Amino acid sequence: MKVFAGEVHCLLGDNGAGKSTLIKVLSGVHQPSEGEVQIEGKKAVLDSPRAALESGVATVFQDLAMLPLMSIKRNFFLGREPTRSLLGIRVLDEVTTTKIAREELKKIGIDVRDPDQPVGTLSGGERQCVAIARAVYFGAKVLILDEPTSALGVNQAAMVLKYVLQARAKGLGVVFITHNVHHAWAVGDTFTILNRGRSYGTFEREQTSREALLEMMAGGEALEELSVELSEMAHQDQVKAQFEAKKRSTPS
Ligand SMILES: Nc1ncnc2c1ncn2[C@@H]1O[C@H](COP(=O)(O)OP(=O)(O)O)[C@@H](O)[C@H]1O
Ligand SMILES: [Mg+2]
């Protein structure tokens with residue numbers, strides 16, 4: 001799988017296809033048992049999440065994008081807070097931290113009155129956006145988002161998709177993981193399909209369609225089976241309705 005600067009590369013697959021596992025390899029959480037990761041043509045050793053981050057790969061994980069009880073600004077920096085010297089000791093620079101967090105969030109359209117409030121008070125969509133703003137601010141080259149829209153309603157998902165496009169416009173290569181073909185189709189340039197831990201192939205937008213992607217994701221057969229089952233059920237309902245109607249029309 002190749003990810004280019006300034007594109008949204010969608011990684012699609014049903015639940016359990018291996019999407020999270022693959023991106024954990026790309027972000028230094030797991031080591032690959034085969035193959036290698038290259039960055040700008042050179043083999044990269046990503047033996048920890050920090051090593052990946054230093055190589056420019058920023059990941060917003062599915063479950064742990066944020067620490068809900070920690071403040072918005074601390075979540076924005078997460079260990080990379082600016083410090084100042086106080087009597088020769090490095091301490092957290094509260095003023096700068098607050099200022100940068102507020103400004104950067106404002107840029108993406110989130111107006112936080114108080115960056116000290118817990119991040120848990122933001123909506124799910126806003127939290128994803130904070131994580132995206134964080135990656136852009138710290139100069140990521142590749143931004144990996146694991147199912148950022150899966151737990152969101154329509155409006156919030158649209159907001160996250162908008163920031164995915166903003167990150168692309170800034171020249172980042174975005175790996176957008178989802179099992180929602182509609183979300184992928186709304187922003188994607190390139191699509192890689194995973195099926196049971198294997199790639200089904202990579203397709204350019206011009207080469208494929210939403211329907212084709214959906215079919216490949218499900219492995220084709222599952223959907224076909226489902227439609228057969230549904231028409232079977234519809235048929236049974238019809239028979240039952242006819243039977244009931246007959247019963248009613250026959251006086252007892
Ligand atoms: N390439 C692979 N080979 C073998 N097992 C895998 C592979 N990729 C993922 N798995 C296993 O499959 C399960 C589901 O993977 P996961 O990455 O959580 O899927 P997804 O994020 O697509 O829902 C996990 O138990 C994982 O360990
Ligand atoms: Mg997953």
# chains A, B, ... in the order shown; residues from 1 in each chain; ligands from 1
$ residues_near_ligand --ligand "ligand 1" --cutoff "6 Å" --atoms "only C-alpha atoms and all ligand atoms" --output "ChimeraX atom specification"
/A:13,15-21,197
$ residues_around --residues "region 99-113 of chain A" --least-positions-apart "3" --cutoff "8 Å" --atoms "only C-alpha atoms" --output "MDAnalysis selection string"
chainID A and resid 72:73 76 95:96 126 129:130 133 137 163
$ write_last_selection --atoms "C-alpha atoms" --output "PDB file, in the first residue's frame"
ATOM      1  CA  ILE A  72      -8.519  20.289  26.046  1.00  0.00           C
ATOM      2  CA  LYS A  73      -5.159  22.025  25.942  1.00  0.00           C
ATOM      3  CA  PHE A  76      -3.777  19.053  22.306  1.00  0.00           C
ATOM      4  CA  VAL A  95       0.066  30.922  29.131  1.00  0.00           C
ATOM      5  CA  THR A  96       1.616  29.766  25.853  1.00  0.00           C
ATOM      6  CA  GLU A 126     -15.009  17.885  17.993  1.00  0.00           C
ATOM      7  CA  CYS A 129     -11.086  17.416  15.116  1.00  0.00           C
ATOM      8  CA  VAL A 130      -8.849  18.334  18.063  1.00  0.00           C
ATOM      9  CA  ALA A 133      -5.565  19.796  14.497  1.00  0.00           C
ATOM     10  CA  TYR A 137       0.145  21.602  14.137  1.00  0.00           C
ATOM     11  CA  TYR A 163     -11.137  18.465   8.354  1.00  0.00           C
TER      12      TYR A 163
END
$ atom_distance --atom1 "CA of Leu143 (chain A)" --atom2 "CA of Arg198 (chain A)"
22.0 Å
$ select_by_dssp --residues "region 44-247 of chain A" --states "alpha helix (DSSP H)" --output "PDB file with C-alpha atoms, in the first residue's frame"
ATOM      1  CA  PRO A  49       4.738   5.131  18.559  1.00  0.00           C
ATOM      2  CA  ARG A  50       7.191   7.918  19.375  1.00  0.00           C
ATOM      3  CA  ALA A  51       9.568   6.774  16.612  1.00  0.00           C
ATOM      4  CA  ALA A  52       6.662   6.837  14.160  1.00  0.00           C
ATOM      5  CA  LEU A  53       5.633  10.300  15.302  1.00  0.00           C
ATOM      6  CA  GLU A  54       9.199  11.557  14.888  1.00  0.00           C
ATOM      7  CA  ILE A  72      -8.519  20.289  26.046  1.00  0.00           C
ATOM      8  CA  LYS A  73      -5.159  22.025  25.942  1.00  0.00           C
ATOM      9  CA  ARG A  74      -3.278  19.169  27.589  1.00  0.00           C
ATOM     10  CA  ASN A  75      -4.902  16.775  25.111  1.00  0.00           C
ATOM     11  CA  PHE A  76      -3.777  19.053  22.306  1.00  0.00           C
ATOM     12  CA  PHE A  77      -0.136  18.804  23.374  1.00  0.00           C
ATOM     13  CA  GLU A  94       0.481  27.631  30.977  1.00  0.00           C
ATOM     14  CA  VAL A  95       0.066  30.922  29.131  1.00  0.00           C
ATOM     15  CA  THR A  96       1.616  29.766  25.853  1.00  0.00           C
ATOM     16  CA  THR A  97      -0.132  26.397  26.084  1.00  0.00           C
ATOM     17  CA  THR A  98      -3.534  28.065  26.458  1.00  0.00           C
ATOM     18  CA  LYS A  99      -2.829  30.571  23.682  1.00  0.00           C
ATOM     19  CA  ILE A 100      -1.645  28.013  21.087  1.00  0.00           C
ATOM     20  CA  ALA A 101      -4.420  25.538  21.885  1.00  0.00           C
ATOM     21  CA  ARG A 102      -7.091  28.225  21.558  1.00  0.00           C
ATOM     22  CA  GLU A 103      -5.650  29.639  18.301  1.00  0.00           C
ATOM     23  CA  GLU A 104      -5.134  26.284  16.611  1.00  0.00           C
ATOM     24  CA  LEU A 105      -8.629  25.100  17.506  1.00  0.00           C
ATOM     25  CA  LYS A 106     -10.103  28.355  16.304  1.00  0.00           C
ATOM     26  CA  LYS A 107      -8.398  27.765  12.937  1.00  0.00           C
ATOM     27  CA  GLY A 124     -17.244  13.135  19.606  1.00  0.00           C
ATOM     28  CA  GLY A 125     -16.776  14.964  16.316  1.00  0.00           C
ATOM     29  CA  GLU A 126     -15.009  17.885  17.993  1.00  0.00           C
ATOM     30  CA  ARG A 127     -12.677  15.492  19.792  1.00  0.00           C
ATOM     31  CA  GLN A 128     -11.668  13.915  16.481  1.00  0.00           C
ATOM     32  CA  CYS A 129     -11.086  17.416  15.116  1.00  0.00           C
ATOM     33  CA  VAL A 130      -8.849  18.334  18.063  1.00  0.00           C
ATOM     34  CA  ALA A 131      -6.782  15.236  17.331  1.00  0.00           C
ATOM     35  CA  ILE A 132      -6.525  16.188  13.642  1.00  0.00           C
ATOM     36  CA  ALA A 133      -5.565  19.796  14.497  1.00  0.00           C
ATOM     37  CA  ARG A 134      -2.892  18.421  16.817  1.00  0.00           C
ATOM     38  CA  ALA A 135      -1.332  16.295  14.066  1.00  0.00           C
ATOM     39  CA  VAL A 136      -1.342  19.192  11.584  1.00  0.00           C
ATOM     40  CA  TYR A 137       0.145  21.602  14.137  1.00  0.00           C
ATOM     41  CA  VAL A 154     -24.473  12.673  10.164  1.00  0.00           C
ATOM     42  CA  ASN A 155     -23.634  16.299  11.034  1.00  0.00           C
ATOM     43  CA  GLN A 156     -20.627  15.461  13.155  1.00  0.00           C
ATOM     44  CA  ALA A 157     -19.307  13.002  10.593  1.00  0.00           C
ATOM     45  CA  ALA A 158     -19.573  15.749   7.973  1.00  0.00           C
ATOM     46  CA  MET A 159     -17.533  18.044  10.209  1.00  0.00           C
ATOM     47  CA  VAL A 160     -14.773  15.444  10.569  1.00  0.00           C
ATOM     48  CA  LEU A 161     -14.775  14.779   6.811  1.00  0.00           C
ATOM     49  CA  LYS A 162     -14.310  18.508   6.247  1.00  0.00           C
ATOM     50  CA  TYR A 163     -11.137  18.465   8.354  1.00  0.00           C
ATOM     51  CA  VAL A 164      -9.892  15.408   6.535  1.00  0.00           C
ATOM     52  CA  LEU A 165     -10.081  17.519   3.359  1.00  0.00           C
ATOM     53  CA  GLN A 166      -8.345  20.431   5.089  1.00  0.00           C
ATOM     54  CA  ALA A 167      -5.472  18.185   6.119  1.00  0.00           C
ATOM     55  CA  ARG A 168      -5.191  17.008   2.496  1.00  0.00           C
ATOM     56  CA  ALA A 169      -5.174  20.610   1.285  1.00  0.00           C
ATOM     57  CA  VAL A 181     -18.302   3.329   1.979  1.00  0.00           C
ATOM     58  CA  HIS A 182     -20.342   6.546   1.841  1.00  0.00           C
ATOM     59  CA  HIS A 183     -17.897   8.358   4.108  1.00  0.00           C
ATOM     60  CA  ALA A 184     -14.956   7.000   2.120  1.00  0.00           C
ATOM     61  CA  TRP A 185     -16.476   7.969  -1.209  1.00  0.00           C
ATOM     62  CA  ALA A 186     -17.169  11.513   0.023  1.00  0.00           C
ATOM     63  CA  VAL A 187     -13.459  12.302   0.482  1.00  0.00           C
ATOM     64  CA  ARG A 210     -19.176   3.152  -4.586  1.00  0.00           C
ATOM     65  CA  GLU A 211     -21.104   0.013  -5.486  1.00  0.00           C
ATOM     66  CA  ALA A 212     -17.959  -1.840  -6.580  1.00  0.00           C
ATOM     67  CA  LEU A 213     -16.211  -0.937  -3.332  1.00  0.00           C
ATOM     68  CA  LEU A 214     -19.136  -2.112  -1.257  1.00  0.00           C
ATOM     69  CA  GLU A 215     -19.234  -5.402  -3.086  1.00  0.00           C
ATOM     70  CA  MET A 216     -15.485  -5.990  -2.703  1.00  0.00           C
ATOM     71  CA  MET A 217     -15.634  -5.158   1.007  1.00  0.00           C
ATOM     72  CA  GLU A 221     -21.141 -13.292  -1.716  1.00  0.00           C
ATOM     73  CA  ALA A 222     -22.345 -12.027   1.649  1.00  0.00           C
ATOM     74  CA  LEU A 223     -24.388  -9.259   0.069  1.00  0.00           C
ATOM     75  CA  GLU A 224     -25.824 -11.581  -2.519  1.00  0.00           C
ATOM     76  CA  GLU A 225     -26.843 -14.039   0.190  1.00  0.00           C
ATOM     77  CA  LEU A 226     -28.439 -11.214   2.098  1.00  0.00           C
ATOM     78  CA  SER A 227     -30.489 -10.037  -0.855  1.00  0.00           C
ATOM     79  CA  VAL A 228     -31.661 -13.604  -1.518  1.00  0.00           C
ATOM     80  CA  GLU A 229     -32.630 -13.936   2.135  1.00  0.00           C
ATOM     81  CA  LEU A 230     -34.466 -10.608   2.100  1.00  0.00           C
ATOM     82  CA  SER A 231     -36.490 -11.463  -0.985  1.00  0.00           C
ATOM     83  CA  GLU A 232     -37.300 -14.835   0.586  1.00  0.00           C
ATOM     84  CA  MET A 233     -38.576 -13.044   3.679  1.00  0.00           C
ATOM     85  CA  ALA A 234     -40.612 -10.625   1.577  1.00  0.00           C
ATOM     86  CA  HIS A 235     -42.155 -13.568  -0.235  1.00  0.00           C
ATOM     87  CA  GLN A 236     -43.091 -15.278   3.035  1.00  0.00           C
ATOM     88  CA  ASP A 237     -44.670 -12.067   4.335  1.00  0.00           C
ATOM     89  CA  GLN A 238     -46.727 -11.869   1.176  1.00  0.00           C
ATOM     90  CA  VAL A 239     -47.948 -15.457   1.543  1.00  0.00           C
ATOM     91  CA  LYS A 240     -48.817 -14.832   5.177  1.00  0.00           C
ATOM     92  CA  ALA A 241     -50.703 -11.624   4.330  1.00  0.00           C
ATOM     93  CA  GLN A 242     -52.711 -13.444   1.666  1.00  0.00           C
ATOM     94  CA  PHE A 243     -53.518 -16.203   4.148  1.00  0.00           C
ATOM     95  CA  GLU A 244     -54.662 -13.697   6.806  1.00  0.00           C
ATOM     96  CA  ALA A 245     -56.772 -11.834   4.258  1.00  0.00           C
ATOM     97  CA  LYS A 246     -58.481 -15.067   3.232  1.00  0.00           C
ATOM     98  CA  LYS A 247     -59.129 -16.009   6.855  1.00  0.00           C
TER      99      LYS A 247
END
$ select_by_dssp --residues "region 55-165 of chain A" --states "strand (DSSP E or B)" --output "PyMOL selection string"
chain A and resi 57-60+71+83-86+89-92+118+142-146
$ closest_residue --among "A:Glu81, A:Asp116, A:Glu34, A:Glu147" --to "ligand 2" --atoms "only C-alpha atoms and all ligand atoms"
A:Glu147
$ residues_around --residues "region 2-4 of chain A" --least-positions-apart "2" --cutoff "8 Å" --atoms "only C-alpha atoms" --output "NGL selection string"
:A and (6-7 or 9 or 173-175)
$ closest_residue --among "A:Ala44, A:Gly56, A:Thr121, A:Phe138" --to "Leu78 (chain A)" --atoms "only C-alpha atoms"
A:Phe138
$ atom_distance --atom1 "CA of Pro148 (chain A)" --atom2 "CA of Val25 (chain A)"
18.3 Å
$ closest_residue --among "A:Asp146, A:Lys42, A:Leu194, A:Thr83" --to "ligand 2" --atoms "only C-alpha atoms and all ligand atoms"
A:Asp146
$ closest_residue --among "A:Gly188, A:Pro68, A:Gly35, A:Gly201" --to "Leu122 (chain A)" --atoms "only C-alpha atoms"
A:Pro68
$ closest_residue --among "A:Val37, A:Gln62, A:Ile193, A:Ser71" --to "ligand 2" --atoms "only C-alpha atoms and all ligand atoms"
A:Gln62
$ closest_residue --among "A:Ile89, A:Met1, A:Val29, A:Leu22" --to "ligand 2" --atoms "only C-alpha atoms and all ligand atoms"
A:Leu22
$ decode --residues "region 87-122 of chain A" --atoms "N, CA and C atoms" --output "mmCIF file, in the first residue's frame"
data_model
loop_
_atom_site.group_PDB
_atom_site.id
_atom_site.type_symbol
_atom_site.label_atom_id
_atom_site.label_comp_id
_atom_site.auth_asym_id
_atom_site.auth_seq_id
_atom_site.Cartn_x
_atom_site.Cartn_y
_atom_site.Cartn_z
ATOM 1 N N LEU A 87 13.225 29.453 38.088
ATOM 2 C CA LEU A 87 14.368 29.230 38.990
ATOM 3 C C LEU A 87 15.222 28.043 38.509
ATOM 4 N N GLY A 88 15.430 27.992 37.192
ATOM 5 C CA GLY A 88 16.287 26.957 36.628
ATOM 6 C C GLY A 88 15.602 25.613 36.415
ATOM 7 N N ILE A 89 14.299 25.537 36.738
ATOM 8 C CA ILE A 89 13.581 24.269 36.543
ATOM 9 C C ILE A 89 12.598 24.444 35.390
ATOM 10 N N ARG A 90 12.495 23.421 34.514
ATOM 11 C CA ARG A 90 11.533 23.513 33.406
ATOM 12 C C ARG A 90 10.124 23.249 33.939
ATOM 13 N N VAL A 91 9.257 24.205 33.758
ATOM 14 C CA VAL A 91 7.860 23.985 34.158
ATOM 15 C C VAL A 91 6.953 24.242 32.958
ATOM 16 N N LEU A 92 5.731 23.718 33.050
ATOM 17 C CA LEU A 92 4.741 23.889 31.993
ATOM 18 C C LEU A 92 4.447 25.373 31.790
ATOM 19 N N ASP A 93 4.496 25.818 30.537
ATOM 20 C CA ASP A 93 4.186 27.211 30.230
ATOM 21 C C ASP A 93 2.687 27.341 29.971
ATOM 22 N N GLU A 94 1.955 27.599 31.038
ATOM 23 C CA GLU A 94 0.481 27.631 30.977
ATOM 24 C C GLU A 94 -0.036 28.648 29.970
ATOM 25 N N VAL A 95 0.577 29.838 29.971
ATOM 26 C CA VAL A 95 0.066 30.922 29.131
ATOM 27 C C VAL A 95 0.188 30.575 27.651
ATOM 28 N N THR A 96 1.393 30.128 27.252
ATOM 29 C CA THR A 96 1.616 29.766 25.853
ATOM 30 C C THR A 96 0.750 28.571 25.457
ATOM 31 N N THR A 97 0.663 27.593 26.357
ATOM 32 C CA THR A 97 -0.132 26.397 26.084
ATOM 33 C C THR A 97 -1.588 26.777 25.782
ATOM 34 N N THR A 98 -2.150 27.630 26.633
ATOM 35 C CA THR A 98 -3.534 28.065 26.458
ATOM 36 C C THR A 98 -3.701 28.820 25.145
ATOM 37 N N LYS A 99 -2.743 29.716 24.868
ATOM 38 C CA LYS A 99 -2.829 30.571 23.682
ATOM 39 C C LYS A 99 -2.776 29.730 22.399
ATOM 40 N N ILE A 100 -1.792 28.831 22.307
ATOM 41 C CA ILE A 100 -1.645 28.013 21.087
ATOM 42 C C ILE A 100 -2.861 27.112 20.900
ATOM 43 N N ALA A 101 -3.282 26.461 21.993
ATOM 44 C CA ALA A 101 -4.420 25.538 21.885
ATOM 45 C C ALA A 101 -5.650 26.289 21.379
ATOM 46 N N ARG A 102 -5.907 27.467 21.954
ATOM 47 C CA ARG A 102 -7.091 28.225 21.558
ATOM 48 C C ARG A 102 -6.999 28.641 20.089
ATOM 49 N N GLU A 103 -5.833 29.170 19.694
ATOM 50 C CA GLU A 103 -5.650 29.639 18.301
ATOM 51 C C GLU A 103 -5.791 28.510 17.289
ATOM 52 N N GLU A 104 -5.126 27.394 17.574
ATOM 53 C CA GLU A 104 -5.134 26.284 16.611
ATOM 54 C C GLU A 104 -6.537 25.687 16.469
ATOM 55 N N LEU A 105 -7.273 25.642 17.576
ATOM 56 C CA LEU A 105 -8.629 25.100 17.506
ATOM 57 C C LEU A 105 -9.562 26.068 16.795
ATOM 58 N N LYS A 106 -9.299 27.337 16.981
ATOM 59 C CA LYS A 106 -10.103 28.355 16.304
ATOM 60 C C LYS A 106 -9.931 28.211 14.790
ATOM 61 N N LYS A 107 -8.691 27.937 14.369
ATOM 62 C CA LYS A 107 -8.398 27.765 12.937
ATOM 63 C C LYS A 107 -9.264 26.688 12.307
ATOM 64 N N ILE A 108 -9.571 25.650 13.080
ATOM 65 C CA ILE A 108 -10.393 24.589 12.505
ATOM 66 C C ILE A 108 -11.862 24.780 12.864
ATOM 67 N N GLY A 109 -12.181 25.947 13.424
ATOM 68 C CA GLY A 109 -13.584 26.276 13.629
ATOM 69 C C GLY A 109 -14.175 25.820 14.949
ATOM 70 N N ILE A 110 -13.307 25.421 15.894
ATOM 71 C CA ILE A 110 -13.829 25.076 17.218
ATOM 72 C C ILE A 110 -13.480 26.201 18.169
ATOM 73 N N ASP A 111 -14.508 26.882 18.656
ATOM 74 C CA ASP A 111 -14.282 28.024 19.519
ATOM 75 C C ASP A 111 -14.405 27.564 20.962
ATOM 76 N N VAL A 112 -13.265 27.282 21.592
ATOM 77 C CA VAL A 112 -13.330 26.863 22.996
ATOM 78 C C VAL A 112 -13.163 28.080 23.881
ATOM 79 N N ARG A 113 -14.166 28.309 24.695
ATOM 80 C CA ARG A 113 -14.086 29.440 25.622
ATOM 81 C C ARG A 113 -12.974 29.166 26.618
ATOM 82 N N ASP A 114 -12.929 27.930 27.072
ATOM 83 C CA ASP A 114 -12.001 27.599 28.140
ATOM 84 C C ASP A 114 -11.216 26.331 27.803
ATOM 85 N N PRO A 115 -9.986 26.489 27.306
ATOM 86 C CA PRO A 115 -9.189 25.302 26.951
ATOM 87 C C PRO A 115 -8.837 24.441 28.161
ATOM 88 N N ASP A 116 -9.182 24.944 29.375
ATOM 89 C CA ASP A 116 -8.910 24.160 30.580
ATOM 90 C C ASP A 116 -10.023 23.185 30.914
ATOM 91 N N GLN A 117 -11.136 23.283 30.193
ATOM 92 C CA GLN A 117 -12.219 22.346 30.501
ATOM 93 C C GLN A 117 -11.869 20.956 29.980
ATOM 94 N N PRO A 118 -12.386 19.905 30.638
ATOM 95 C CA PRO A 118 -12.023 18.548 30.213
ATOM 96 C C PRO A 118 -12.470 18.282 28.777
ATOM 97 N N VAL A 119 -11.673 17.517 28.063
ATOM 98 C CA VAL A 119 -11.961 17.246 26.658
ATOM 99 C C VAL A 119 -13.253 16.429 26.532
ATOM 100 N N GLY A 120 -13.612 15.745 27.620
ATOM 101 C CA GLY A 120 -14.848 14.971 27.654
ATOM 102 C C GLY A 120 -16.098 15.813 27.458
ATOM 103 N N THR A 121 -15.974 17.149 27.629
ATOM 104 C CA THR A 121 -17.133 18.015 27.435
ATOM 105 C C THR A 121 -17.351 18.346 25.962
ATOM 106 N N LEU A 122 -16.380 18.003 25.101
ATOM 107 C CA LEU A 122 -16.562 18.230 23.661
ATOM 108 C C LEU A 122 -17.365 17.070 23.067
#
